[in-house]
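Enquirer: I'd like to ask some things about the structure below.
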Amino acid sequence: MLIEIGFEGGKKVTASFAGGLQMKTDQAVENGGEGAYPEPFACFLGSIGTCAGIYVLEFCNARRIPTDKVSLTQEISFTEDSQGKRRLAKVALTINLPPEFPERYQKAIVKAAELCSVKKAIMNPPEFAIDFKVQ
């Protein structure tokens with residue numbers, strides 16, 4: 001998979017994917033941007049919840065369970081490392097189910113959300129390589 005990263009001016013950075021899809025990012029006003037789009041780290045955090053969300057959605061769809069009253073809440077906790085830098089400490093997802101959600105599927109829907117490929121990638125991190133090329 002190839003993703004092209006480009007600059008739109010100011011602090012805007014865009015990831016372009018195959019098929020013409022794009023993910024646009026910016027920095028918050030207090031960080032020198034316009035706040036026009038989410039910051040890259042916010043996109044990363046959002047990808048965790050939306051990935052789990054697609055598994056929840058598919059779980060419900062496969063069982064013809066309505067999702068109009070189902071949602072997810074994601075709570076993020078940070079801590080300081082030994083150098084005083086803020087780092088991600090915990091990501092907690094809660095699947096909000098309506099009272100009429102079938103009790104027999106309550107634990108199973110959690111198992112479905114745990115299949116999220118973003119979470120799996122974090123749990124088994126890839127190797128990172130950064131280099132340059134003069135064109």
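Ligands are numbered from 1 in the order shown, residues from 1 within each chain, and chains are lettered A, B, ... in the order they appear in the structure tokens.
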What parts of stretch 24-111 of chain A does DSSP call strand (DSSP E or B)? I'd like the answer as an MDAnalysis selection string.
Expert: chainID A and resid 24:25 71:80 86:96
Enquirer: Residues at most 9 Å from A:Ser16, counting only C-alpha atoms, excluding those fewer than 3 positions away in the same chain, as an MDAnalysis selection string?
Expert: chainID A and resid 2:6 19:24
Enquirer: Could you write out the selected residues, including N, CA and C atoms, as a compact mmCIF listing (two decimals), in the first residue's frame?
Expert:
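Once written, result-v5.txt looks like this:
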```txt
# COMPACT_ATOMS: atom_id res chain seq x y z
N LEU A 2 0.60 2.14 -0.87
CA LEU A 2 1.35 3.39 -0.97
C LEU A 2 0.42 4.54 -0.61
N ILE A 3 0.88 5.40 0.30
CA ILE A 3 0.15 6.60 0.69
C ILE A 3 1.07 7.78 0.42
N GLU A 4 0.58 8.74 -0.34
CA GLU A 4 1.36 9.94 -0.66
C GLU A 4 1.00 11.04 0.34
N ILE A 5 2.01 11.68 0.91
CA ILE A 5 1.81 12.75 1.88
C ILE A 5 2.22 14.06 1.24
N GLY A 6 1.34 15.06 1.31
CA GLY A 6 1.63 16.35 0.71
C GLY A 6 1.27 17.49 1.64
N GLY A 19 -7.39 5.54 -5.25
CA GLY A 19 -8.81 5.79 -5.49
C GLY A 19 -9.22 7.24 -5.23
N GLY A 20 -8.25 8.10 -4.96
CA GLY A 20 -8.55 9.51 -4.77
C GLY A 20 -9.02 9.91 -3.38
N LEU A 21 -9.01 8.98 -2.44
CA LEU A 21 -9.42 9.32 -1.07
C LEU A 21 -8.31 10.09 -0.36
N GLN A 22 -8.69 11.00 0.52
CA GLN A 22 -7.71 11.80 1.25
C GLN A 22 -8.08 11.90 2.72
N MET A 23 -7.04 12.03 3.53
CA MET A 23 -7.20 12.35 4.94
C MET A 23 -6.43 13.64 5.17
N LYS A 24 -7.16 14.69 5.53
CA LYS A 24 -6.55 16.00 5.72
C LYS A 24 -6.33 16.25 7.21
```
Enquirer: Within 10 Å of stretch 119-128 of chain A, which residues of stretch 31-96 of chain A show up? Give each one with its shortest atom-to-atom distance in Å (one decimal) and the two atoms involved, counting only C-alpha atoms, rows by chain then rising residue number, as a tab-separated table.
Expert:
```
residue	atom	partner	partner_atom	distance
A:Ser47	CA	A:Lys119	CA	9.2
A:Ile48	CA	A:Lys119	CA	6.4
A:Gly49	CA	A:Lys119	CA	9.2
A:Cys51	CA	A:Lys119	CA	8.2
A:Ala52	CA	A:Lys119	CA	8.3
A:Val91	CA	A:Lys119	CA	9.7
```
Enquirer: Just want the 10 Å neighbourhood of A:Leu88, counted on only C-alpha atoms, with same-chain residues fewer than 6 positions away dropped. Output as a compact mmCIF listing (two decimals) with N, CA, C and O atoms, in the first residue's frame.
Expert:
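And here's around.txt as it stands now:
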```
# COMPACT_ATOMS: atom_id res chain seq x y z
N LEU A 45 -5.87 8.47 17.02
CA LEU A 45 -6.76 8.05 18.11
C LEU A 45 -8.15 7.72 17.59
O LEU A 45 -8.75 6.73 18.00
N ILE A 76 -9.42 8.55 26.51
CA ILE A 76 -7.97 8.50 26.36
C ILE A 76 -7.33 9.02 27.65
O ILE A 76 -7.73 10.06 28.16
N SER A 77 -6.33 8.30 28.16
CA SER A 77 -5.58 8.73 29.33
C SER A 77 -4.12 8.89 28.95
O SER A 77 -3.58 8.10 28.18
N PHE A 78 -3.50 9.92 29.52
CA PHE A 78 -2.09 10.19 29.27
C PHE A 78 -1.32 10.15 30.58
O PHE A 78 -1.89 10.29 31.66
N THR A 79 -0.02 9.96 30.48
CA THR A 79 0.87 10.01 31.62
C THR A 79 2.15 10.72 31.18
O THR A 79 2.34 10.95 29.99
N GLU A 80 3.00 11.04 32.13
CA GLU A 80 4.29 11.63 31.80
C GLU A 80 5.37 10.57 31.91
O GLU A 80 5.39 9.80 32.87
N ASP A 81 6.28 10.57 30.94
CA ASP A 81 7.39 9.63 31.00
C ASP A 81 8.51 10.24 31.86
O ASP A 81 8.37 11.33 32.41
```
Enquirer: Can you tell me, as a PyMOL selection string, what residues are no more than 8 Å from stretch 110-112 of chain A when counting only C-alpha atoms, ignoring any on the same chain fewer than 2 positions away?
Expert: chain A and resi 52+55-56+59+95+106-108+114-116
Enquirer: So, with only C-alpha atoms as the atoms that count, which of A:Asn96, A:Gln83, A:Thr50, A:Thr14 lies closest to A:Asp68?
Expert: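 Under the stated criterion, the closest residue is A:Asn96.
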Enquirer: Under the rule of at most 12 Å, produce a per-residue listing of stretch 39-103 of chain A near stretch 28-31 of chain A: chain, number, name, the closest pair of atoms, and the distance in Å, as CSV, using only C-alpha atoms.
Expert:
```
residue,atom,partner,partner_atom,distance
A:Glu39,CA,A:Ala28,CA,6.9
A:Pro40,CA,A:Ala28,CA,10.5
A:Phe41,CA,A:Ala28,CA,11.4
A:Ala42,CA,A:Ala28,CA,10.7
```
Enquirer: Between A:Phe7, A:Tyr37, A:Leu93, A:Ile109, single out the one closest to A:Ala62, counting only C-alpha atoms.
Expert: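 Distance minimum relative to A:Ala62 lands on A:Ile109.
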Enquirer: I'd like the interatomic distance between atom CA of A:Thr73 and atom CA of A:Gly53, to a tenth of an Å.
Expert: 9.8 Å
